[in-house]
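query-v7.txt follows (compact mmCIF, N, CA and C atoms):
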```txt
# COMPACT_ATOMS: atom_id res chain seq x y z
N MET A 1 22.71 -20.87 18.62
CA MET A 1 23.65 -21.16 17.56
C MET A 1 25.00 -21.51 18.17
N THR A 2 25.78 -22.23 17.42
CA THR A 2 27.09 -22.64 17.87
C THR A 2 28.09 -21.52 17.62
N ASP A 3 28.96 -21.28 18.60
CA ASP A 3 30.01 -20.27 18.46
C ASP A 3 31.07 -20.81 17.50
N ILE A 4 31.38 -20.02 16.46
CA ILE A 4 32.36 -20.44 15.45
C ILE A 4 33.71 -20.71 16.08
N ASN A 5 34.04 -20.00 17.18
CA ASN A 5 35.33 -20.20 17.84
C ASN A 5 35.43 -21.55 18.52
N ALA A 6 34.30 -22.19 18.78
CA ALA A 6 34.31 -23.50 19.43
C ALA A 6 34.95 -24.55 18.54
N PHE A 7 35.05 -24.28 17.25
CA PHE A 7 35.64 -25.24 16.32
C PHE A 7 37.14 -25.02 16.14
N ASP A 8 37.70 -24.03 16.83
CA ASP A 8 39.13 -23.76 16.79
C ASP A 8 39.62 -23.55 15.36
N MET A 9 38.93 -22.68 14.61
CA MET A 9 39.30 -22.37 13.24
C MET A 9 39.99 -21.03 13.19
N ASP A 10 40.94 -20.89 12.28
CA ASP A 10 41.47 -19.56 12.05
C ASP A 10 40.47 -18.80 11.18
N SER A 11 40.67 -17.51 11.01
CA SER A 11 39.69 -16.69 10.30
C SER A 11 39.56 -17.10 8.84
N HIS A 12 40.64 -17.55 8.23
CA HIS A 12 40.58 -17.98 6.84
C HIS A 12 39.72 -19.24 6.70
N ALA A 13 39.94 -20.21 7.56
CA ALA A 13 39.16 -21.46 7.52
C ALA A 13 37.70 -21.18 7.85
N ALA A 14 37.45 -20.28 8.81
CA ALA A 14 36.08 -19.93 9.16
C ALA A 14 35.39 -19.25 7.99
N GLY A 15 36.11 -18.39 7.28
CA GLY A 15 35.55 -17.72 6.11
C GLY A 15 35.20 -18.71 5.01
N ARG A 16 36.08 -19.68 4.79
CA ARG A 16 35.81 -20.72 3.78
C ARG A 16 34.59 -21.55 4.18
N ALA A 17 34.49 -21.88 5.46
CA ALA A 17 33.35 -22.67 5.94
C ALA A 17 32.05 -21.89 5.76
N LEU A 18 32.10 -20.60 6.05
CA LEU A 18 30.91 -19.75 5.89
C LEU A 18 30.52 -19.65 4.42
N ASP A 19 31.50 -19.49 3.53
CA ASP A 19 31.23 -19.45 2.09
C ASP A 19 30.60 -20.76 1.62
N LEU A 20 31.12 -21.88 2.12
CA LEU A 20 30.57 -23.18 1.77
C LEU A 20 29.12 -23.30 2.24
N LEU A 21 28.85 -22.85 3.45
CA LEU A 21 27.49 -22.89 4.00
C LEU A 21 26.55 -22.02 3.18
N HIS A 22 26.98 -20.81 2.84
CA HIS A 22 26.14 -19.93 2.01
C HIS A 22 25.82 -20.59 0.67
N GLY A 23 26.84 -21.18 0.05
CA GLY A 23 26.64 -21.86 -1.24
C GLY A 23 25.68 -23.03 -1.12
N LEU A 24 25.81 -23.79 -0.05
CA LEU A 24 24.93 -24.93 0.17
C LEU A 24 23.49 -24.50 0.36
N ILE A 25 23.27 -23.48 1.16
CA ILE A 25 21.91 -22.98 1.38
C ILE A 25 21.32 -22.47 0.08
N PHE A 26 22.11 -21.74 -0.71
CA PHE A 26 21.64 -21.22 -1.99
C PHE A 26 21.24 -22.37 -2.91
N LYS A 27 22.05 -23.43 -2.97
CA LYS A 27 21.73 -24.57 -3.83
C LYS A 27 20.45 -25.26 -3.37
N ILE A 28 20.27 -25.39 -2.06
CA ILE A 28 19.04 -26.01 -1.53
C ILE A 28 17.82 -25.19 -1.94
N LEU A 29 17.92 -23.87 -1.82
CA LEU A 29 16.78 -23.01 -2.18
C LEU A 29 16.45 -23.09 -3.66
N LEU A 30 17.46 -23.22 -4.51
CA LEU A 30 17.24 -23.32 -5.95
C LEU A 30 16.70 -24.68 -6.36
N ALA A 31 17.05 -25.72 -5.62
CA ALA A 31 16.69 -27.08 -6.01
C ALA A 31 15.39 -27.57 -5.38
N THR A 32 14.87 -26.86 -4.40
CA THR A 32 13.68 -27.36 -3.72
C THR A 32 12.51 -27.49 -4.68
N ASP A 33 11.75 -28.57 -4.54
CA ASP A 33 10.55 -28.73 -5.37
C ASP A 33 9.30 -28.41 -4.57
N GLY A 34 9.50 -27.92 -3.37
CA GLY A 34 8.38 -27.49 -2.54
C GLY A 34 8.40 -25.98 -2.41
N ARG A 35 7.79 -25.50 -1.38
CA ARG A 35 7.78 -24.06 -1.15
C ARG A 35 9.11 -23.63 -0.57
N THR A 36 9.75 -22.69 -1.23
CA THR A 36 11.01 -22.14 -0.75
C THR A 36 10.83 -21.55 0.64
N THR A 37 9.67 -20.98 0.88
CA THR A 37 9.38 -20.36 2.18
C THR A 37 9.49 -21.38 3.31
N ASP A 38 9.07 -22.62 3.06
CA ASP A 38 9.19 -23.67 4.09
C ASP A 38 10.64 -23.89 4.47
N VAL A 39 11.53 -23.92 3.48
CA VAL A 39 12.96 -24.11 3.74
C VAL A 39 13.49 -22.93 4.55
N LEU A 40 13.12 -21.71 4.16
CA LEU A 40 13.58 -20.52 4.87
C LEU A 40 13.08 -20.50 6.31
N GLU A 41 11.83 -20.90 6.52
CA GLU A 41 11.29 -20.94 7.88
C GLU A 41 12.06 -21.95 8.73
N ALA A 42 12.42 -23.08 8.15
CA ALA A 42 13.20 -24.08 8.89
C ALA A 42 14.59 -23.55 9.21
N LEU A 43 15.23 -22.89 8.25
CA LEU A 43 16.58 -22.37 8.46
C LEU A 43 16.61 -21.26 9.51
N LEU A 44 15.61 -20.39 9.49
CA LEU A 44 15.60 -19.24 10.41
C LEU A 44 14.81 -19.50 11.68
N ASP A 45 14.11 -20.64 11.74
CA ASP A 45 13.30 -21.00 12.89
C ASP A 45 12.27 -19.90 13.22
N GLU A 46 11.69 -19.35 12.17
CA GLU A 46 10.65 -18.33 12.30
C GLU A 46 9.69 -18.46 11.13
N LYS A 47 8.45 -18.07 11.34
CA LYS A 47 7.48 -17.99 10.26
C LYS A 47 7.83 -16.79 9.40
N MET A 48 7.50 -16.88 8.12
CA MET A 48 7.74 -15.79 7.18
C MET A 48 6.43 -15.06 6.90
N LYS A 49 6.54 -13.78 6.65
CA LYS A 49 5.38 -12.95 6.33
C LYS A 49 5.65 -12.24 5.01
N VAL A 50 4.67 -12.29 4.09
CA VAL A 50 4.79 -11.62 2.80
C VAL A 50 4.21 -10.22 2.92
N HIS A 51 4.98 -9.24 2.47
CA HIS A 51 4.51 -7.86 2.43
C HIS A 51 4.51 -7.43 0.96
N VAL A 52 3.31 -7.23 0.39
CA VAL A 52 3.20 -6.84 -1.01
C VAL A 52 3.44 -5.33 -1.11
N ILE A 53 4.48 -4.97 -1.87
CA ILE A 53 4.81 -3.56 -2.10
C ILE A 53 3.90 -2.98 -3.17
N ARG A 54 3.80 -3.70 -4.26
CA ARG A 54 2.89 -3.27 -5.32
C ARG A 54 2.46 -4.48 -6.13
N GLN A 55 1.28 -4.36 -6.68
CA GLN A 55 0.75 -5.40 -7.54
C GLN A 55 -0.17 -4.69 -8.53
N GLU A 56 0.05 -4.96 -9.79
CA GLU A 56 -0.77 -4.28 -10.79
C GLU A 56 -0.92 -5.13 -12.02
N GLN A 57 -2.04 -4.92 -12.69
CA GLN A 57 -2.25 -5.58 -13.97
C GLN A 57 -1.45 -4.82 -15.01
N MET A 58 -0.74 -5.56 -15.84
CA MET A 58 0.08 -4.92 -16.85
C MET A 58 -0.79 -4.47 -18.02
N GLN A 59 -0.39 -3.37 -18.62
CA GLN A 59 -1.08 -2.88 -19.80
C GLN A 59 -0.84 -3.85 -20.96
N GLN A 60 -1.78 -3.96 -21.88
CA GLN A 60 -1.70 -4.90 -22.99
C GLN A 60 -0.40 -4.74 -23.80
N GLU A 61 0.02 -3.48 -24.05
CA GLU A 61 1.24 -3.29 -24.87
C GLU A 61 2.49 -3.81 -24.16
N HIS A 62 2.51 -3.74 -22.82
CA HIS A 62 3.64 -4.29 -22.08
C HIS A 62 3.58 -5.81 -22.08
N ALA A 63 2.40 -6.36 -21.97
CA ALA A 63 2.24 -7.82 -21.97
C ALA A 63 2.65 -8.40 -23.32
N GLU A 64 2.38 -7.70 -24.41
CA GLU A 64 2.73 -8.21 -25.73
C GLU A 64 4.24 -8.32 -25.91
N ARG A 65 5.01 -7.49 -25.22
CA ARG A 65 6.47 -7.56 -25.30
C ARG A 65 7.01 -8.84 -24.66
N LEU A 66 6.20 -9.45 -23.78
CA LEU A 66 6.64 -10.67 -23.09
C LEU A 66 6.44 -11.92 -23.94
N GLY A 67 5.80 -11.77 -25.07
CA GLY A 67 5.57 -12.93 -25.93
C GLY A 67 4.10 -13.08 -26.22
N GLU A 68 3.62 -14.29 -26.10
CA GLU A 68 2.24 -14.60 -26.44
C GLU A 68 1.30 -13.81 -25.53
N SER A 69 0.27 -13.26 -26.12
CA SER A 69 -0.73 -12.53 -25.34
C SER A 69 -2.07 -12.74 -26.01
N SER A 70 -2.96 -13.40 -25.31
CA SER A 70 -4.28 -13.70 -25.88
C SER A 70 -5.35 -12.83 -25.25
N GLY A 71 -4.94 -11.75 -24.63
CA GLY A 71 -5.91 -10.91 -23.96
C GLY A 71 -6.08 -11.26 -22.50
N ALA A 72 -5.56 -12.43 -22.09
CA ALA A 72 -5.61 -12.80 -20.68
C ALA A 72 -4.66 -11.87 -19.93
N PRO A 73 -5.06 -11.39 -18.76
CA PRO A 73 -4.23 -10.40 -18.08
C PRO A 73 -2.96 -10.99 -17.45
N TYR A 74 -1.94 -10.16 -17.39
CA TYR A 74 -0.72 -10.41 -16.65
C TYR A 74 -0.78 -9.55 -15.39
N TYR A 75 -0.35 -10.10 -14.29
CA TYR A 75 -0.18 -9.31 -13.07
C TYR A 75 1.28 -9.34 -12.69
N MET A 76 1.82 -8.18 -12.33
CA MET A 76 3.17 -8.08 -11.83
C MET A 76 3.05 -7.78 -10.33
N ARG A 77 3.82 -8.50 -9.54
CA ARG A 77 3.80 -8.30 -8.09
C ARG A 77 5.23 -8.14 -7.58
N GLU A 78 5.42 -7.14 -6.74
CA GLU A 78 6.69 -6.93 -6.04
C GLU A 78 6.39 -7.10 -4.56
N SER A 79 7.18 -7.93 -3.91
CA SER A 79 6.91 -8.20 -2.50
C SER A 79 8.21 -8.40 -1.73
N LEU A 80 8.08 -8.34 -0.42
CA LEU A 80 9.18 -8.62 0.49
C LEU A 80 8.80 -9.83 1.32
N LEU A 81 9.78 -10.65 1.65
CA LEU A 81 9.57 -11.76 2.58
C LEU A 81 10.33 -11.42 3.84
N LEU A 82 9.60 -11.28 4.94
CA LEU A 82 10.19 -10.88 6.22
C LEU A 82 9.96 -11.97 7.25
N SER A 83 10.94 -12.15 8.15
CA SER A 83 10.71 -13.07 9.26
C SER A 83 9.73 -12.38 10.22
N GLU A 84 8.80 -13.17 10.73
CA GLU A 84 7.68 -12.60 11.48
C GLU A 84 8.10 -11.92 12.78
N LYS A 85 8.97 -12.56 13.57
CA LYS A 85 9.35 -12.00 14.88
C LYS A 85 10.42 -10.94 14.77
N SER A 86 11.52 -11.27 14.11
CA SER A 86 12.67 -10.36 14.07
C SER A 86 12.57 -9.31 12.98
N ARG A 87 11.62 -9.47 12.05
CA ARG A 87 11.43 -8.54 10.92
C ARG A 87 12.67 -8.50 10.02
N PHE A 88 13.44 -9.57 9.98
CA PHE A 88 14.62 -9.70 9.14
C PHE A 88 14.16 -9.81 7.68
N LEU A 89 14.74 -8.99 6.80
CA LEU A 89 14.40 -9.03 5.38
C LEU A 89 15.09 -10.24 4.76
N VAL A 90 14.30 -11.21 4.32
CA VAL A 90 14.82 -12.45 3.77
C VAL A 90 14.98 -12.37 2.26
N SER A 91 13.98 -11.78 1.58
CA SER A 91 14.09 -11.67 0.12
C SER A 91 13.22 -10.53 -0.40
N HIS A 92 13.61 -10.06 -1.57
CA HIS A 92 12.87 -9.04 -2.32
C HIS A 92 12.48 -9.73 -3.62
N ASN A 93 11.17 -9.85 -3.88
CA ASN A 93 10.69 -10.73 -4.95
C ASN A 93 9.91 -9.97 -6.02
N PHE A 94 10.07 -10.44 -7.25
CA PHE A 94 9.29 -9.94 -8.38
C PHE A 94 8.65 -11.15 -9.04
N SER A 95 7.35 -11.10 -9.23
CA SER A 95 6.63 -12.21 -9.85
C SER A 95 5.79 -11.69 -11.01
N LEU A 96 5.71 -12.50 -12.04
CA LEU A 96 4.87 -12.20 -13.18
C LEU A 96 3.90 -13.37 -13.32
N VAL A 97 2.62 -13.08 -13.23
CA VAL A 97 1.59 -14.12 -13.27
C VAL A 97 0.74 -13.90 -14.52
N TYR A 98 0.64 -14.93 -15.34
CA TYR A 98 -0.14 -14.87 -16.57
C TYR A 98 -1.42 -15.67 -16.35
N ALA A 99 -2.55 -15.01 -16.38
CA ALA A 99 -3.83 -15.62 -16.04
C ALA A 99 -4.14 -16.87 -16.87
N LYS A 100 -3.69 -16.89 -18.10
CA LYS A 100 -3.98 -18.02 -18.99
C LYS A 100 -3.42 -19.33 -18.46
N HIS A 101 -2.31 -19.26 -17.70
CA HIS A 101 -1.64 -20.48 -17.25
C HIS A 101 -1.87 -20.79 -15.77
N VAL A 102 -2.85 -20.14 -15.16
CA VAL A 102 -3.11 -20.32 -13.73
C VAL A 102 -4.59 -20.67 -13.56
N PRO A 103 -4.90 -21.69 -12.74
CA PRO A 103 -6.30 -22.01 -12.49
C PRO A 103 -7.05 -20.78 -11.94
N PRO A 104 -8.29 -20.58 -12.36
CA PRO A 104 -9.04 -19.37 -11.95
C PRO A 104 -9.09 -19.14 -10.44
N SER A 105 -9.30 -20.19 -9.65
CA SER A 105 -9.39 -20.00 -8.20
C SER A 105 -8.07 -19.51 -7.62
N LEU A 106 -6.96 -20.02 -8.13
CA LEU A 106 -5.64 -19.58 -7.68
C LEU A 106 -5.38 -18.15 -8.14
N TYR A 107 -5.73 -17.85 -9.37
CA TYR A 107 -5.52 -16.50 -9.90
C TYR A 107 -6.28 -15.47 -9.07
N GLU A 108 -7.50 -15.80 -8.67
CA GLU A 108 -8.29 -14.87 -7.85
C GLU A 108 -7.63 -14.62 -6.50
N LYS A 109 -7.08 -15.66 -5.88
CA LYS A 109 -6.37 -15.49 -4.60
C LYS A 109 -5.18 -14.55 -4.77
N ILE A 110 -4.46 -14.72 -5.87
CA ILE A 110 -3.29 -13.88 -6.12
C ILE A 110 -3.71 -12.43 -6.33
N VAL A 111 -4.73 -12.21 -7.15
CA VAL A 111 -5.20 -10.85 -7.44
C VAL A 111 -5.72 -10.17 -6.18
N ARG A 112 -6.41 -10.92 -5.33
CA ARG A 112 -6.97 -10.34 -4.10
C ARG A 112 -5.93 -10.22 -2.99
N ARG A 113 -4.68 -10.67 -3.26
CA ARG A 113 -3.58 -10.59 -2.29
C ARG A 113 -3.90 -11.33 -0.99
N GLU A 114 -4.69 -12.39 -1.08
CA GLU A 114 -5.06 -13.12 0.13
C GLU A 114 -3.86 -13.75 0.82
N GLU A 115 -2.88 -14.15 0.04
CA GLU A 115 -1.71 -14.83 0.59
C GLU A 115 -0.58 -14.81 -0.42
N GLY A 116 0.59 -15.24 0.00
CA GLY A 116 1.72 -15.31 -0.92
C GLY A 116 1.44 -16.29 -2.04
N ILE A 117 2.11 -16.10 -3.16
CA ILE A 117 1.88 -16.94 -4.33
C ILE A 117 2.24 -18.40 -4.03
N GLY A 118 3.38 -18.64 -3.39
CA GLY A 118 3.78 -20.00 -3.05
C GLY A 118 2.78 -20.69 -2.14
N LYS A 119 2.29 -19.95 -1.15
CA LYS A 119 1.30 -20.53 -0.23
C LYS A 119 -0.01 -20.83 -0.96
N ALA A 120 -0.42 -19.94 -1.84
CA ALA A 120 -1.64 -20.17 -2.61
C ALA A 120 -1.50 -21.40 -3.50
N ILE A 121 -0.32 -21.58 -4.09
CA ILE A 121 -0.08 -22.73 -4.95
C ILE A 121 -0.13 -24.02 -4.15
N SER A 122 0.48 -24.03 -2.96
CA SER A 122 0.51 -25.27 -2.18
C SER A 122 -0.87 -25.59 -1.63
```
Could you spell out this file's structure in structure tokens?
Amino acid sequence: MTDINAFDMDSHAAGRALDLLHGLIFKILLATDGRTTDVLEALLDEKMKVHVIRQEQMQQEHAERLGESSGAPYYMRESLLLSEKSRFLVSHNFSLVYAKHVPPSLYEKIVRREEGIGKAIS
């Protein structure tokens, strides 16, 4: 990485530049139409690893609070995204998957925790 002092910035200018960079990265992650994980891997120059903390099928009464419920199951998943080598915590994620709107083969991969949801989709 480049040393911030090599640009001969005072601390205020360096802070503004860092804020601008953080904002830019955040906008890129929100606007990507591909896998966010791919962008993060490029930025950190490391592969990402998904660690599922918990995953469970929601009870019918909880699913009904979310709106339409035709008896198709909802799965809630909480996971962490970690960089593979440095074990840096990149994100803490919560996903809600409604079986009715997901192809059966994809839904089975998600339920069996074979891979991250984004990777399964791609």
Counting all atoms listed in the file, the option among A:Ala31, A:Arg77, A:Thr37, A:Gly15 closest to Arg54 in chain A: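 For Arg54 in chain A, the nearest of the candidates is A:Arg77.
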Can you tell me, as a list of chain:residue names, which residues sit within 5 Å of (13.2, -14.7, 2.3) in the file's frame, using only N, CA and C atoms? A:Leu81, A:Val90, A:Ser91
Quick one: distance from atom C of Ser105 in chain A to atom C of Asp38 in chain A in Å, one decimal? 22.7 Å
Kindly give the distance, in Å, that separates CA of Ile53 in chain A and atom N of Leu96 in chain A, rounded to a single decimal.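 Atom N of Leu96 in chain A lies at a distance of 13.4 Å from CA of Ile53 in chain A.
The coordinates place atom N of Ile25 in chain A at 20.4 Å from atom C of Arg87 in chain A.
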Write out as a list in words the residues lying within 8 Å of range 40-51 of chain A, counting all atoms listed in the file and excluding same-chain residues fewer than 2 positions away.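 Once the adjacent positions are removed, what remains is Leu29, Arg35, Thr36, Thr37, Asp38, Ile53, Arg54, Glu78, Ser79, Leu80, Leu81, Leu82, Ser83, Glu84, Lys85, Ser86, Glu115, Gly116 and Ile117 of chain A.
Note that DSSP on the backbone gives helix (DSSP H, G or I) to these residues of range 71-111 of chain A: Ala99, Lys100, His101, Pro104, Ser105, Leu106, Tyr107, Glu108, Lys109, Ile110 and Val111 of chain A.
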Now that the selection is made, can you save its residues with N, CA and C atoms as a compact mmCIF listing (two decimals), in the frame of the given file?
```
# COMPACT_ATOMS: atom_id res chain seq x y z
N ALA A 99 -2.55 -15.01 -16.38
CA ALA A 99 -3.83 -15.62 -16.04
C ALA A 99 -4.14 -16.87 -16.87
N LYS A 100 -3.69 -16.89 -18.10
CA LYS A 100 -3.98 -18.02 -18.99
C LYS A 100 -3.42 -19.33 -18.46
N HIS A 101 -2.31 -19.26 -17.70
CA HIS A 101 -1.64 -20.48 -17.25
C HIS A 101 -1.87 -20.79 -15.77
N PRO A 104 -8.29 -20.58 -12.36
CA PRO A 104 -9.04 -19.37 -11.95
C PRO A 104 -9.09 -19.14 -10.44
N SER A 105 -9.30 -20.19 -9.65
CA SER A 105 -9.39 -20.00 -8.20
C SER A 105 -8.07 -19.51 -7.62
N LEU A 106 -6.96 -20.02 -8.13
CA LEU A 106 -5.64 -19.58 -7.68
C LEU A 106 -5.38 -18.15 -8.14
N TYR A 107 -5.73 -17.85 -9.37
CA TYR A 107 -5.52 -16.50 -9.90
C TYR A 107 -6.28 -15.47 -9.07
N GLU A 108 -7.50 -15.80 -8.67
CA GLU A 108 -8.29 -14.87 -7.85
C GLU A 108 -7.63 -14.62 -6.50
N LYS A 109 -7.08 -15.66 -5.88
CA LYS A 109 -6.37 -15.49 -4.60
C LYS A 109 -5.18 -14.55 -4.77
N ILE A 110 -4.46 -14.72 -5.87
CA ILE A 110 -3.29 -13.88 -6.12
C ILE A 110 -3.71 -12.43 -6.33
N VAL A 111 -4.73 -12.21 -7.15
CA VAL A 111 -5.20 -10.85 -7.44
C VAL A 111 -5.72 -10.17 -6.18
```
From the structure just shown, export range 85-102 of chain A with N, CA and C atoms as a short mmCIF file (atom, residue, chain, number, x, y, z; two decimals), in the first residue's frame.
```cif
data_model
loop_
_atom_site.label_atom_id
_atom_site.label_comp_id
_atom_site.auth_asym_id
_atom_site.auth_seq_id
_atom_site.Cartn_x
_atom_site.Cartn_y
_atom_site.Cartn_z
N LYS A 85 -7.14 -15.29 4.54
CA LYS A 85 -5.79 -15.35 5.13
C LYS A 85 -5.71 -14.59 6.45
N SER A 86 -6.12 -13.34 6.44
CA SER A 86 -5.95 -12.49 7.62
C SER A 86 -7.06 -12.63 8.64
N ARG A 87 -8.16 -13.29 8.27
CA ARG A 87 -9.33 -13.48 9.14
C ARG A 87 -9.96 -12.15 9.54
N PHE A 88 -9.81 -11.13 8.71
CA PHE A 88 -10.39 -9.81 8.92
C PHE A 88 -11.90 -9.91 8.74
N LEU A 89 -12.67 -9.41 9.71
CA LEU A 89 -14.13 -9.43 9.62
C LEU A 89 -14.57 -8.33 8.66
N VAL A 90 -15.13 -8.72 7.53
CA VAL A 90 -15.52 -7.79 6.48
C VAL A 90 -16.98 -7.36 6.65
N SER A 91 -17.86 -8.31 6.98
CA SER A 91 -19.26 -7.94 7.15
C SER A 91 -19.98 -8.95 8.04
N HIS A 92 -21.07 -8.47 8.63
CA HIS A 92 -21.97 -9.29 9.44
C HIS A 92 -23.31 -9.21 8.72
N ASN A 93 -23.83 -10.35 8.26
CA ASN A 93 -24.95 -10.36 7.32
C ASN A 93 -26.17 -11.08 7.88
N PHE A 94 -27.33 -10.55 7.51
CA PHE A 94 -28.61 -11.19 7.82
C PHE A 94 -29.36 -11.33 6.50
N SER A 95 -29.82 -12.54 6.21
CA SER A 95 -30.54 -12.79 4.97
C SER A 95 -31.86 -13.48 5.29
N LEU A 96 -32.86 -13.13 4.52
CA LEU A 96 -34.16 -13.77 4.61
C LEU A 96 -34.46 -14.35 3.24
N VAL A 97 -34.65 -15.65 3.18
CA VAL A 97 -34.87 -16.33 1.91
C VAL A 97 -36.28 -16.94 1.93
N TYR A 98 -37.07 -16.59 0.94
CA TYR A 98 -38.44 -17.10 0.83
C TYR A 98 -38.47 -18.14 -0.29
N ALA A 99 -38.74 -19.37 0.05
CA ALA A 99 -38.66 -20.49 -0.89
C ALA A 99 -39.50 -20.27 -2.15
N LYS A 100 -40.61 -19.59 -2.02
CA LYS A 100 -41.52 -19.39 -3.15
C LYS A 100 -40.85 -18.62 -4.28
N HIS A 101 -39.88 -17.75 -3.95
CA HIS A 101 -39.27 -16.88 -4.95
C HIS A 101 -37.86 -17.33 -5.36
N VAL A 102 -37.48 -18.54 -5.01
CA VAL A 102 -36.14 -19.03 -5.30
C VAL A 102 -36.26 -20.37 -6.03
#
```
